[in-house]
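Chemist: Take a look at run_23.cif, mmCIF, C-alpha atoms and all ligand atoms:
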data_input
loop_
_atom_site.label_atom_id
_atom_site.label_comp_id
_atom_site.auth_asym_id
_atom_site.auth_seq_id
_atom_site.Cartn_x
_atom_site.Cartn_y
_atom_site.Cartn_z
CA MET B 1082 19.30 -13.55 3.53
CA LYS B 1083 18.97 -12.92 7.27
CA GLN B 1084 15.73 -13.99 9.01
CA PHE B 1085 13.58 -11.37 10.77
CA SER B 1086 10.95 -11.73 13.51
CA VAL B 1087 7.86 -9.74 12.73
CA GLY B 1088 4.77 -8.48 14.57
CA ILE B 1089 1.45 -7.54 13.00
CA ILE B 1090 -0.46 -4.71 14.65
CA GLY B 1091 -4.09 -4.82 13.49
CA ALA B 1092 -3.77 -8.52 12.64
CA THR B 1093 -7.53 -9.16 12.80
CA GLY B 1094 -8.50 -6.54 10.17
CA MET B 1095 -8.77 -6.78 6.41
CA VAL B 1096 -5.17 -5.71 5.75
CA GLY B 1097 -3.90 -7.69 8.75
CA GLN B 1098 -5.55 -10.87 7.44
CA ARG B 1099 -3.99 -10.27 4.04
CA LEU B 1100 -0.57 -9.75 5.64
CA LEU B 1101 -0.90 -13.11 7.38
CA THR B 1102 -1.71 -14.94 4.16
CA LEU B 1103 1.30 -13.28 2.48
CA LEU B 1104 3.71 -13.97 5.33
CA GLU B 1105 2.63 -17.58 6.00
CA ASN B 1106 5.60 -18.96 4.05
CA HIS B 1107 7.77 -15.88 3.61
CA PRO B 1108 11.45 -16.70 3.05
CA TRP B 1109 12.79 -13.83 5.26
CA PHE B 1110 9.99 -12.73 7.64
CA ASN B 1111 8.64 -14.92 10.48
CA VAL B 1112 5.45 -13.74 12.19
CA LYS B 1113 5.99 -14.04 15.95
CA ILE B 1114 3.36 -11.66 17.34
CA LEU B 1115 -0.22 -10.74 16.48
CA ALA B 1116 -1.77 -7.67 18.10
CA ALA B 1117 -5.06 -5.78 17.83
CA SER B 1118 -7.47 -3.77 20.01
CA PRO B 1119 -8.26 -4.55 23.67
CA SER B 1120 -11.45 -6.29 22.49
CA SER B 1121 -9.42 -8.98 20.67
CA ALA B 1122 -6.50 -9.13 23.12
CA GLY B 1123 -6.27 -12.40 25.04
CA LYS B 1124 -8.26 -14.33 22.41
CA LYS B 1125 -6.91 -16.98 20.08
CA TYR B 1126 -6.56 -15.59 16.53
CA LYS B 1127 -9.09 -18.10 15.14
CA ASP B 1128 -11.68 -16.99 17.73
CA ALA B 1129 -11.04 -13.26 17.28
CA THR B 1130 -11.55 -13.59 13.51
CA SER B 1131 -14.43 -16.06 13.69
CA GLY B 1132 -17.17 -14.92 11.30
CA ARG B 1133 -14.98 -12.17 9.82
CA TRP B 1134 -12.18 -14.04 8.06
CA ALA B 1135 -12.52 -12.31 4.66
CA MET B 1136 -9.79 -14.03 2.63
CA LYS B 1137 -10.59 -16.53 -0.14
CA THR B 1138 -8.01 -18.97 1.27
CA PRO B 1139 -8.54 -20.54 4.71
CA LEU B 1140 -6.99 -19.03 7.84
CA PRO B 1141 -3.37 -20.32 7.93
CA GLU B 1142 -3.21 -23.04 10.58
CA LYS B 1143 0.07 -21.86 12.06
CA PHE B 1144 -1.61 -18.61 13.25
CA ALA B 1145 -4.96 -20.05 14.43
CA GLU B 1146 -3.93 -20.77 18.03
CA MET B 1147 -1.74 -17.70 18.56
CA VAL B 1148 -3.01 -15.47 21.37
CA ILE B 1149 -3.52 -11.84 20.38
CA LEU B 1150 -1.73 -9.11 22.33
CA ASP B 1151 -2.96 -5.58 23.01
CA ALA B 1152 -1.23 -3.27 20.51
CA ALA B 1153 -0.93 -0.37 22.95
CA ALA B 1154 -0.74 -1.95 26.43
CA ASP B 1155 1.78 -4.64 25.33
CA LYS B 1156 3.94 -2.44 23.13
CA GLU B 1157 7.16 -2.77 25.19
CA LYS B 1158 6.90 -6.57 25.13
CA ILE B 1159 6.12 -6.61 21.39
CA ALA B 1160 8.90 -4.16 20.48
CA ALA B 1161 11.40 -6.25 22.48
CA GLU B 1162 10.46 -9.51 20.75
CA VAL B 1163 10.37 -8.58 17.06
CA ASP B 1164 12.74 -6.93 14.56
CA PHE B 1165 9.97 -4.74 13.11
CA VAL B 1166 6.16 -4.51 12.89
CA PHE B 1167 3.59 -4.08 10.14
CA CYS B 1168 0.80 -1.77 11.30
CA ALA B 1169 -2.72 -1.61 9.79
CA VAL B 1170 -5.22 -0.30 12.33
CA ASN B 1171 -8.55 1.46 12.20
CA MET B 1172 -8.23 4.19 14.83
CA PRO B 1173 -8.39 8.00 14.97
CA LYS B 1174 -5.41 9.58 13.23
CA ALA B 1175 -3.94 11.11 16.41
CA GLU B 1176 -4.02 7.70 18.14
CA ILE B 1177 -2.36 6.01 15.17
CA LYS B 1178 0.40 8.64 15.20
CA ALA B 1179 0.96 8.14 18.93
CA LEU B 1180 1.01 4.33 18.57
CA GLU B 1181 3.38 4.23 15.58
CA GLU B 1182 5.74 6.78 17.07
CA ALA B 1183 5.79 4.86 20.37
CA TYR B 1184 6.95 1.70 18.53
CA ALA B 1185 9.59 3.65 16.60
CA LYS B 1186 10.87 5.19 19.83
CA LEU B 1187 11.05 1.69 21.33
CA GLU B 1188 13.57 1.01 18.50
CA CYS B 1189 11.06 -1.10 16.57
CA PRO B 1190 10.69 -0.01 12.92
CA VAL B 1191 7.08 0.36 11.72
CA MET B 1192 5.91 -0.55 8.21
CA SER B 1193 2.66 1.36 8.13
CA ASN B 1194 -0.43 0.82 6.02
CA ASN B 1195 -2.12 3.76 7.72
CA SER B 1196 -2.39 7.28 6.37
CA ALA B 1197 -1.49 9.18 9.57
CA PHE B 1198 2.17 9.88 8.68
CA ARG B 1199 1.94 9.81 4.89
CA MET B 1200 2.55 13.51 4.42
CA ALA B 1201 5.19 13.92 7.17
CA ASP B 1202 8.27 15.33 5.45
CA ASP B 1203 10.79 12.95 7.06
CA VAL B 1204 8.66 9.78 6.75
CA PRO B 1205 9.33 7.93 3.50
CA MET B 1206 6.23 6.92 1.51
CA ILE B 1207 7.62 4.23 -0.73
CA ILE B 1208 6.36 2.49 -3.84
CA PRO B 1209 9.44 0.28 -4.22
CA GLU B 1210 9.56 0.37 -8.04
CA ILE B 1211 9.24 4.16 -8.09
CA ASN B 1212 10.97 5.97 -5.23
CA PRO B 1213 13.22 3.51 -3.34
CA GLU B 1214 15.74 6.34 -2.82
CA HIS B 1215 13.34 8.02 -0.36
CA ALA B 1216 14.55 5.45 2.23
CA GLU B 1217 17.55 7.77 2.67
CA ILE B 1218 15.33 10.17 4.66
CA ILE B 1219 15.24 7.57 7.49
CA ALA B 1220 18.53 8.97 8.85
CA SER B 1221 16.89 12.40 9.36
CA GLN B 1222 13.80 10.85 10.93
CA ARG B 1223 15.93 8.81 13.34
CA ALA B 1224 17.79 11.99 14.33
CA ARG B 1225 14.45 13.72 15.08
CA LEU B 1226 13.08 10.74 17.05
CA GLY B 1227 16.38 10.19 18.84
CA THR B 1228 16.47 6.54 17.80
CA LYS B 1229 19.23 4.23 16.55
CA ARG B 1230 17.09 1.78 14.55
CA GLY B 1231 13.45 2.81 15.13
CA PHE B 1232 11.65 4.65 12.31
CA ILE B 1233 8.33 4.75 10.46
CA ALA B 1234 7.95 4.05 6.74
CA VAL B 1235 4.55 4.21 5.06
CA LYS B 1236 3.01 2.94 1.90
CA SER B 1237 0.85 5.23 -0.19
CA ASN B 1238 -2.90 5.20 -0.54
CA CYS B 1239 -4.16 2.26 -2.59
CA SER B 1240 -6.00 4.47 -5.12
CA ILE B 1241 -2.80 6.03 -6.55
CA GLN B 1242 -1.09 2.68 -7.14
CA SER B 1243 -2.84 2.11 -10.42
CA TYR B 1244 -2.01 5.36 -12.26
CA VAL B 1245 1.24 6.55 -10.58
CA PRO B 1246 3.05 3.37 -11.76
CA ALA B 1247 1.80 4.06 -15.30
CA PHE B 1248 2.91 7.73 -15.28
CA HIS B 1249 6.27 7.15 -13.63
CA PRO B 1250 8.37 5.60 -16.43
CA LEU B 1251 7.19 8.38 -18.78
CA MET B 1252 8.04 11.26 -16.44
CA GLU B 1253 11.70 11.87 -17.17
CA GLU B 1254 11.64 11.77 -20.97
CA PHE B 1255 8.16 13.18 -21.67
CA GLU B 1256 7.07 14.86 -18.38
CA VAL B 1257 3.40 14.45 -17.50
CA THR B 1258 2.08 18.00 -16.99
CA LYS B 1259 -1.57 17.37 -16.09
CA ALA B 1260 -3.98 14.49 -15.67
CA THR B 1261 -7.54 13.67 -14.73
CA VAL B 1262 -8.18 10.43 -12.93
CA CYS B 1263 -11.47 8.72 -12.14
CA THR B 1264 -11.09 5.70 -9.86
CA TYR B 1265 -13.52 2.78 -9.50
CA GLN B 1266 -12.61 1.40 -6.08
CA ALA B 1267 -13.37 -1.97 -4.52
CA ILE B 1268 -15.20 -2.37 -1.22
CA SER B 1269 -12.27 -4.20 0.41
CA GLY B 1270 -10.57 -0.79 0.31
CA ALA B 1271 -13.00 0.22 3.06
CA GLY B 1272 -12.34 -3.02 4.95
CA LYS B 1273 -15.77 -4.28 3.74
CA THR B 1274 -17.32 -7.32 2.10
CA PHE B 1275 -20.76 -7.56 0.42
CA GLU B 1276 -22.10 -8.89 3.75
CA THR B 1277 -20.85 -5.87 5.70
CA MET B 1278 -21.60 -3.30 2.97
CA PRO B 1279 -25.00 -4.36 1.54
CA GLU B 1280 -25.73 -0.80 0.37
CA ILE B 1281 -23.15 -1.18 -2.44
CA VAL B 1282 -25.01 -4.05 -4.18
CA ASP B 1283 -26.40 -2.75 -7.52
CA ASN B 1284 -24.99 0.67 -6.68
CA VAL B 1285 -22.15 3.19 -7.18
CA ILE B 1286 -21.32 5.63 -4.38
CA PRO B 1287 -19.64 8.82 -5.66
CA PHE B 1288 -17.85 9.68 -2.41
CA ILE B 1289 -14.96 8.20 -0.44
CA GLY B 1290 -13.99 10.56 2.39
CA GLY B 1291 -10.64 12.29 1.76
CA GLU B 1292 -9.83 10.09 -1.23
CA ASP B 1293 -9.98 12.72 -4.02
CA GLU B 1294 -7.52 14.91 -2.12
CA LYS B 1295 -5.12 12.04 -1.28
CA SER B 1296 -5.20 10.89 -4.90
CA GLU B 1297 -4.13 14.35 -6.05
CA ILE B 1298 -1.50 15.13 -3.40
CA GLU B 1299 0.24 11.83 -2.57
CA PRO B 1300 1.75 11.36 -6.06
CA LEU B 1301 3.61 14.66 -5.63
CA LYS B 1302 5.32 13.36 -2.51
CA ILE B 1303 6.21 10.11 -4.31
CA TRP B 1304 7.93 12.19 -7.02
CA GLY B 1305 9.50 14.56 -4.46
CA LYS B 1306 13.22 15.09 -3.86
CA ILE B 1307 15.17 14.94 -0.61
CA SER B 1308 16.68 18.27 0.41
CA ASP B 1309 17.94 19.45 3.86
CA GLY B 1310 16.53 16.40 5.68
CA LYS B 1311 13.06 16.72 4.15
CA ILE B 1312 11.16 15.26 1.25
CA ILE B 1313 10.11 18.28 -0.84
CA PRO B 1314 7.05 17.34 -2.94
CA ALA B 1315 7.13 17.79 -6.72
CA VAL B 1316 4.98 20.65 -8.06
CA SER B 1317 3.71 18.84 -11.14
CA PRO B 1318 1.81 17.12 -12.67
CA ILE B 1319 -1.46 18.74 -11.65
CA ILE B 1320 -3.90 15.90 -11.00
CA SER B 1321 -7.68 16.17 -10.73
CA ALA B 1322 -9.18 13.04 -9.13
CA GLN B 1323 -12.69 11.67 -8.59
CA CYS B 1324 -12.92 8.49 -6.51
CA TYR B 1325 -16.00 6.25 -6.65
CA ARG B 1326 -16.89 3.12 -4.66
CA VAL B 1327 -18.17 0.36 -6.96
CA PRO B 1328 -19.65 -3.10 -6.27
CA VAL B 1329 -16.50 -5.22 -6.68
CA THR B 1330 -14.70 -7.15 -3.96
CA ASP B 1331 -11.05 -6.36 -4.83
CA GLY B 1332 -9.23 -4.23 -7.41
CA HIS B 1333 -9.10 -0.49 -7.99
CA MET B 1334 -9.44 0.65 -11.61
CA ALA B 1335 -8.57 4.15 -12.82
CA ALA B 1336 -9.66 5.87 -16.04
CA VAL B 1337 -6.98 8.41 -16.85
CA SER B 1338 -6.43 11.31 -19.30
CA VAL B 1339 -2.93 12.83 -19.50
CA SER B 1340 -0.97 15.58 -21.23
CA PHE B 1341 2.81 15.72 -21.64
CA LYS B 1342 5.37 18.47 -22.11
CA ARG B 1343 6.76 16.41 -25.02
CA LYS B 1344 4.08 14.13 -26.47
CA PRO B 1345 5.29 10.54 -26.95
CA THR B 1346 3.89 8.17 -29.56
CA LYS B 1347 1.62 5.35 -28.44
CA GLU B 1348 4.27 2.85 -29.48
CA GLN B 1349 6.89 4.59 -27.32
CA MET B 1350 4.59 4.52 -24.30
CA ILE B 1351 3.72 0.85 -24.64
CA LYS B 1352 7.36 -0.15 -25.17
CA ILE B 1353 8.45 1.84 -22.08
CA TRP B 1354 5.70 0.28 -19.96
CA ARG B 1355 6.52 -3.24 -21.08
CA GLU B 1356 10.26 -2.84 -20.49
CA TYR B 1357 10.17 -0.94 -17.19
CA GLU B 1358 12.08 -2.50 -14.28
CA GLY B 1359 12.37 -1.03 -10.80
CA GLU B 1360 14.77 -1.83 -7.98
CA PRO B 1361 12.64 -4.76 -6.66
CA GLN B 1362 12.98 -6.50 -10.04
CA LYS B 1363 16.73 -5.78 -10.20
CA LEU B 1364 17.26 -6.99 -6.60
CA GLY B 1365 14.97 -10.02 -7.14
CA LEU B 1366 12.95 -9.28 -3.96
CA PRO B 1367 10.72 -12.24 -2.98
CA SER B 1368 7.39 -10.41 -3.51
CA ALA B 1369 8.41 -8.43 -6.59
CA PRO B 1370 6.42 -9.18 -9.74
CA LYS B 1371 8.60 -10.28 -12.66
CA HIS B 1372 7.05 -7.49 -14.73
CA PHE B 1373 5.76 -4.46 -12.80
CA LEU B 1374 3.61 -3.14 -15.68
CA TYR B 1375 1.53 -5.12 -18.19
CA TYR B 1376 0.02 -3.54 -21.26
CA PHE B 1377 -3.00 -5.35 -22.73
CA ASP B 1378 -3.63 -5.02 -26.49
CA GLU B 1379 -7.22 -6.32 -26.18
CA ASP B 1380 -9.90 -3.58 -26.26
CA ASN B 1381 -11.76 -4.96 -23.26
CA ARG B 1382 -8.81 -5.40 -20.86
CA PRO B 1383 -7.71 -5.02 -18.15
CA GLN B 1384 -10.86 -6.17 -16.34
CA THR B 1385 -11.06 -6.03 -12.57
CA LYS B 1386 -12.17 -9.62 -12.07
CA LEU B 1387 -9.89 -11.16 -14.70
CA ASP B 1388 -6.69 -9.20 -14.18
CA ARG B 1389 -6.43 -8.02 -10.55
CA ASP B 1390 -4.51 -11.16 -9.50
CA LEU B 1391 -1.81 -10.83 -12.15
CA GLU B 1392 1.57 -11.88 -10.64
CA ASN B 1393 -0.03 -12.56 -7.23
CA GLY B 1394 -1.79 -9.20 -7.33
CA MET B 1395 1.53 -7.31 -7.41
CA ALA B 1396 1.60 -6.27 -11.10
CA VAL B 1397 -0.22 -3.21 -12.44
CA SER B 1398 -2.17 -3.55 -15.69
CA ILE B 1399 -2.73 -0.89 -18.32
CA GLY B 1400 -4.90 -0.90 -21.43
CA ARG B 1401 -7.02 1.02 -23.94
CA LEU B 1402 -4.37 3.63 -24.79
CA ARG B 1403 -5.90 6.08 -27.25
CA GLU B 1404 -5.92 9.76 -28.27
CA ASP B 1405 -7.98 12.09 -26.08
CA SER B 1406 -10.02 15.03 -27.41
CA ILE B 1407 -8.86 17.40 -24.61
CA PHE B 1408 -5.64 15.84 -23.23
CA ASP B 1409 -2.92 14.01 -25.21
CA TYR B 1410 -3.99 10.45 -24.38
CA LYS B 1411 -6.41 8.42 -22.29
CA PHE B 1412 -6.04 4.91 -20.90
CA VAL B 1413 -7.14 2.62 -18.08
CA CYS B 1414 -5.07 1.15 -15.23
CA LEU B 1415 -5.81 -1.52 -12.62
CA SER B 1416 -4.15 -2.66 -9.41
CA HIS B 1417 -5.15 -5.01 -6.60
CA ASN B 1418 -5.94 -2.72 -3.67
CA THR B 1419 -5.25 -5.07 -0.76
CA LEU B 1420 -2.22 -6.73 -2.42
CA ARG B 1421 -0.18 -4.17 -4.42
CA GLY B 1422 -2.18 -1.34 -2.80
CA ALA B 1423 -1.90 -2.42 0.82
CA ALA B 1424 -0.46 -5.59 2.40
CA GLY B 1425 1.61 -6.73 -0.61
CA GLY B 1426 3.01 -3.24 -1.14
CA GLY B 1427 3.88 -3.10 2.56
CA VAL B 1428 5.65 -6.47 2.40
CA LEU B 1429 7.58 -5.40 -0.72
CA MET B 1430 8.60 -2.14 1.00
CA ALA B 1431 9.81 -4.15 4.02
CA GLU B 1432 11.78 -6.47 1.71
CA LEU B 1433 13.43 -3.46 0.07
CA LEU B 1434 14.36 -1.96 3.46
CA ALA B 1435 15.60 -5.35 4.71
CA ALA B 1436 17.77 -5.76 1.62
CA LYS B 1437 19.22 -2.27 2.21
CA GLY B 1438 20.05 -3.08 5.86
CA TYR B 1439 17.50 -0.82 7.59
CA PHE B 1440 16.45 -3.56 10.06
CA ASP B 1441 19.99 -4.52 11.07
P1 LIG O 1501 -10.25 -3.11 9.48
O1 LIG O 1501 -10.57 -4.31 8.68
O2 LIG O 1501 -11.35 -2.29 10.05
O3 LIG O 1501 -9.27 -3.59 10.69
C1 LIG O 1501 -8.87 -2.71 11.67
C2 LIG O 1501 -7.84 -3.31 12.62
O4 LIG O 1501 -7.48 -2.28 13.57
C3 LIG O 1501 -8.35 -4.52 13.42
O5 LIG O 1501 -7.30 -5.43 13.58
C4 LIG O 1501 -8.69 -3.89 14.76
O6 LIG O 1501 -8.62 -4.79 15.85
C5 LIG O 1501 -7.58 -2.87 14.88
N1 LIG O 1501 -7.90 -1.83 15.87
C6 LIG O 1501 -9.00 -1.08 15.95
N2 LIG O 1501 -8.94 -0.28 17.04
C7 LIG O 1501 -7.76 -0.56 17.66
C8 LIG O 1501 -7.11 -0.11 18.83
N3 LIG O 1501 -7.66 0.83 19.60
N4 LIG O 1501 -5.90 -0.61 19.13
C9 LIG O 1501 -5.32 -1.55 18.37
N5 LIG O 1501 -5.88 -2.04 17.24
C10 LIG O 1501 -7.09 -1.55 16.90
O7 LIG O 1501 -9.35 -2.08 8.67
P2 LIG O 1501 -8.41 -2.37 7.38
O8 LIG O 1501 -9.21 -2.26 6.13
O9 LIG O 1501 -7.58 -3.57 7.61
O10 LIG O 1501 -7.51 -1.06 7.40
C11 LIG O 1501 -6.49 -0.90 8.37
C12 LIG O 1501 -5.66 0.31 7.99
O11 LIG O 1501 -5.09 0.10 6.69
C13 LIG O 1501 -6.47 1.61 7.91
O12 LIG O 1501 -5.66 2.68 8.35
C14 LIG O 1501 -6.75 1.74 6.42
O13 LIG O 1501 -6.93 3.07 6.05
C15 LIG O 1501 -5.47 1.17 5.83
N6 LIG O 1501 -5.61 0.66 4.45
C16 LIG O 1501 -6.57 -0.24 4.09
C17 LIG O 1501 -6.62 -0.70 2.77
C18 LIG O 1501 -7.60 -1.72 2.31
O14 LIG O 1501 -7.58 -2.01 1.11
N7 LIG O 1501 -8.44 -2.27 3.17
C19 LIG O 1501 -5.71 -0.22 1.85
C20 LIG O 1501 -4.73 0.68 2.24
C21 LIG O 1501 -4.69 1.11 3.55
P3 LIG O 1501 -9.94 -5.47 16.47
O15 LIG O 1501 -10.32 -6.56 15.53
O16 LIG O 1501 -9.47 -5.96 17.78
O17 LIG O 1501 -10.99 -4.38 16.57
#
Could you quickly redo this structure as structure tokens?
Modeler:
Amino acid sequence: MKQFSVGIIGATGMVGQRLLTLLENHPWFNVKILAASPSSAGKKYKDATSGRWAMKTPLPEKFAEMVILDAAADKEKIAAEVDFVFCAVNMPKAEIKALEEAYAKLECPVMSNNSAFRMADDVPMIIPEINPEHAEIIASQRARLGTKRGFIAVKSNCSIQSYVPAFHPLMEEFEVTKATVCTYQAISGAGKTFETMPEIVDNVIPFIGGEDEKSEIEPLKIWGKISDGKIIPAVSPIISAQCYRVPVTDGHMAAVSVSFKRKPTKEQMIKIWREYEGEPQKLGLPSAPKHFLYYFDEDNRPQTKLDRDLENGMAVSIGRLREDSIFDYKFVCLSHNTLRGAAGGGVLMAELLAAKGYFD
């Protein structure tokens, strides 16, 4: 496979740090540039992240001495030096849109972890095992932007990456019509640790701004179809979501109830989950888990602490499938929010697009 030079915009943040740990020894992607806000620009990476390195593994040595660039002021230089960038920044939405579009227009593709463009109808929001075909919309986006190779692709919100993977393989044959979802979300999803979010210790906070709405709407785009240069969102299933912040470091769990147009048996559901393969598995992408979905037979699994790291945090776990008194079934799902749900999902999306020639 061809080698690609990569920049990380927002390299000092929680997702940026995770991207660096994932890309340290990546077989295709070589990190050449680190960028962040003007307050980090000009500093060595080890100094800019001093006291806020939040990963369990040490800061990779090869990045420690790299000098951080200014994501906005140095964008021409960055776009000229790399084949594409990952972007994970904490800025107002309008500023993120302007920044990402500027990179795309400089012919530098953007793999975005941010929400700013998620609902744009010509920006693909890709979960590689579920809707890889949405990459085809890139041609329409390039036509709108007037670019030859520049484009923006986004990954979805981390909260939906536990239950959407579980619904997806059942959609065609049995059609999920409605679902309720209650998520128990880790503090790293807010870019926080227990040191920076002491109010979460011994506590549950029943509000994450905008998260209920995103958790209901984003799945419909994922299951949408391309028509006339736009991604037209699906109209079902109807999803009702409640998103809670809980005192765990990493891992978003979702308690789900679902109804189907044609009710499957439990055995059919478990077999389909265990056998499901997406395009990343078929293509053997470097970050793809061997098995995307794991079903646990044990009554007390999956557990956040025990199971979030399954297959390097890229697999999704499911358990406790049982009849529901209002819907057809209920079950629980778990995914690692900063791996599958953020940085890892972004790297897998980039691998998919690289394999399909979108960075050539
Ligand atoms: P974070 O830890 O707060 O990091 C924010 C990053 O943005 C830092 O690198 C920061 O640089 C940079 N930044 C802030 N203002 C900037 C500016 N004006 N110009 C350039 N860079 C600027 O945030 P995070 O948790 O990594 O999240 C980053 C993005 O990913 C957000 O859009 C978030 O919604 C999304 N996301 C996060 C997760 C998760 O699990 N954490 C999951 C999915 C999506 P400085 O250090 O220089 O300030």
Chemist: Go through the chains and note each residue within 7 Å of ligand LIG 1501 (chain O), using only C-alpha atoms and all ligand atoms, then give the set as an MDAnalysis selection string.
Modeler: chainID B and resid 1090:1097 1117:1122 1129 1151:1153 1169:1172 1194:1196 1238:1239 1269:1272 1418:1419 1422:1423
Chemist: Compile the contact shell of Leu1100 (chain B) as a count of residues only: residues with an atom at most 8 Å away, counting all atoms listed in the file, same-chain residues fewer than 4 positions apart removed.
Modeler: 7
Chemist: Find the residues around region 1383-1398 of chain B up to 8 Å (only C-alpha atoms counted), leave out those fewer than 2 positions away in its own chain, and share them as a ChimeraX atom specification.
Modeler: /B:1242-1243,1246,1331-1334,1368-1377,1381,1400,1413-1417,1420-1421,1425-1426
Chemist: Show me, as CSV, the residues of region 1188-1245 of chain B having an atom within 7 Å of region 1296-1300 of chain B, each with the closest atom pair and its distance in Å, using all atoms listed in the file.
Modeler:
residue,atom,partner,partner_atom,distance
B:Ser1240,CA,B:Ser1296,CA,6.5
B:Ile1241,CA,B:Ser1296,CA,5.7
B:Val1245,CA,B:Pro1300,CA,6.6
Chemist: Skipping near chain neighbours, those fewer than 4 positions away, what residues fall within 12 Å of Glu1142 (chain B) using all atoms listed in the file, listed as an NGL selection string?
Modeler: :B and (1101-1102 or 1105-1106 or 1125-1127 or 1138 or 1146-1147)
Chemist: Given only C-alpha atoms as the basis, pick out the residue of B:Ala1431, B:Ile1207, B:Ala1116, B:Ala1335 nearest to Val1191 (chain B).
Modeler: B:Ala1431
Chemist: One number please: CA of Gly1290 (chain B) to CA of Cys1324 (chain B), in Å, one decimal.
Modeler: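 Distance between the two atoms: 9.2 Å.
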Chemist: Report, in Å to a single decimal, how far apart CA of Ile1303 (chain B) and CA of Lys1437 (chain B) are.
Modeler: 19.1 Å
Chemist: Using only C-alpha atoms, which residues of region 1225-1333 of chain B come within 10 Å of region 1209-1219 of chain B, and what is the closest atom pair for each, with the distance in Å to one decimal? Give it as a Markdown table, sorted by chain and residue number.
Modeler:
| residue | atom | partner | partner_atom | distance |
| --- | --- | --- | --- | --- |
| B:Arg1225 | CA | B:Ile1219 | CA | 9.8 |
| B:Arg1230 | CA | B:Ile1219 | CA | 9.3 |
| B:Gly1231 | CA | B:Ile1219 | CA | 9.2 |
| B:Phe1232 | CA | B:Ile1219 | CA | 6.7 |
| B:Ile1233 | CA | B:Ile1219 | CA | 8.0 |
| B:Ala1234 | CA | B:Ala1216 | CA | 8.1 |
| B:Lys1236 | CA | B:Pro1209 | CA | 9.3 |
| B:Val1245 | CA | B:Ile1211 | CA | 8.7 |
| B:Pro1246 | CA | B:Ile1211 | CA | 7.2 |
| B:His1249 | CA | B:Ile1211 | CA | 7.0 |
| B:Pro1250 | CA | B:Ile1211 | CA | 8.5 |
| B:Lys1302 | CA | B:Asn1212 | CA | 9.7 |
| B:Ile1303 | CA | B:Asn1212 | CA | 6.4 |
| B:Trp1304 | CA | B:Asn1212 | CA | 7.2 |
| B:Gly1305 | CA | B:His1215 | CA | 8.6 |
| B:Lys1306 | CA | B:His1215 | CA | 7.9 |
| B:Ile1307 | CA | B:Ile1218 | CA | 7.1 |
| B:Ser1308 | CA | B:Ile1218 | CA | 9.2 |
| B:Asp1309 | CA | B:Ile1218 | CA | 9.7 |
| B:Gly1310 | CA | B:Ile1218 | CA | 6.4 |
| B:Lys1311 | CA | B:Ile1218 | CA | 7.0 |
| B:Ile1312 | CA | B:Ile1218 | CA | 7.4 |
Chemist: Would you please work out which residue, of B:Ala1315, B:Ile1407, B:Ile1289, B:Val1087, is nearest to Leu1301 (chain B) when using all atoms listed in the file?
Modeler: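 Distance minimum relative to Leu1301 (chain B) lands on B:Ala1315.
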Chemist: Residues within 7 Å of Gln1323 (chain B), please, as a VMD selection string. Count only C-alpha atoms; anything in the same chain fewer than 3 positions from it doesn't count.
Modeler: chain B and resid 1262 to 1264 1293
Chemist: Mind pulling up the distance from CA of Arg1326 (chain B) to CA of Val1285 (chain B)?
Modeler: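 Straight-line distance from CA of Val1285 (chain B) to CA of Arg1326 (chain B) works out to 5.8 Å.
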Chemist: Of the residues B:Arg1199, B:Lys1156, B:Lys1411, B:Arg1401, which is the one nearest to Leu1115 (chain B), using all atoms listed in the file?
Modeler: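 Closest to Leu1115 (chain B), using all atoms listed in the file: B:Lys1156.
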Chemist: Find the residues with any atom within 7 Å of (12.4, -16.7, 12.5); use only C-alpha atoms and the coordinates as given in the file, and write the answer as a list in words.
Modeler: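 The requested residues, written out, are Gln1084, Phe1085, Ser1086, Phe1110 and Asn1111 of chain B.
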Chemist: Which one of B:Glu1182, B:Glu1188, B:Glu1292, B:Glu1254 sits closest to Glu1162 (chain B) if you count all atoms listed in the file?
Modeler: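 For Glu1162 (chain B), the nearest of the candidates is B:Glu1188.
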Chemist: Ranking B:Glu1157, B:Ala1135, B:Pro1314, B:Tyr1325 by minimum distance to Asp1202 (chain B) and counting all atoms listed in the file, which one comes first?
Modeler: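 Under the stated criterion, the closest residue is B:Pro1314.
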Chemist: Report as an MDAnalysis selection string all protein, DNA and RNA residues lying within 6 Å of Asp1409 (chain B), evaluated on all atoms listed in the file, omitting residues in the same chain fewer than 2 positions from it.
Modeler: chainID B and resid 1339:1340 1405
Chemist: Keeping only C-alpha atoms, write the selected residues as a short mmCIF file (atom, residue, chain, number, x, y, z; two decimals), keeping the file's coordinate frame.
Modeler:
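Final output, selection_4.cif:
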data_model
loop_
_atom_site.label_atom_id
_atom_site.label_comp_id
_atom_site.auth_asym_id
_atom_site.auth_seq_id
_atom_site.Cartn_x
_atom_site.Cartn_y
_atom_site.Cartn_z
CA VAL B 1339 -2.93 12.83 -19.50
CA SER B 1340 -0.97 15.58 -21.23
CA ASP B 1405 -7.98 12.09 -26.08
#
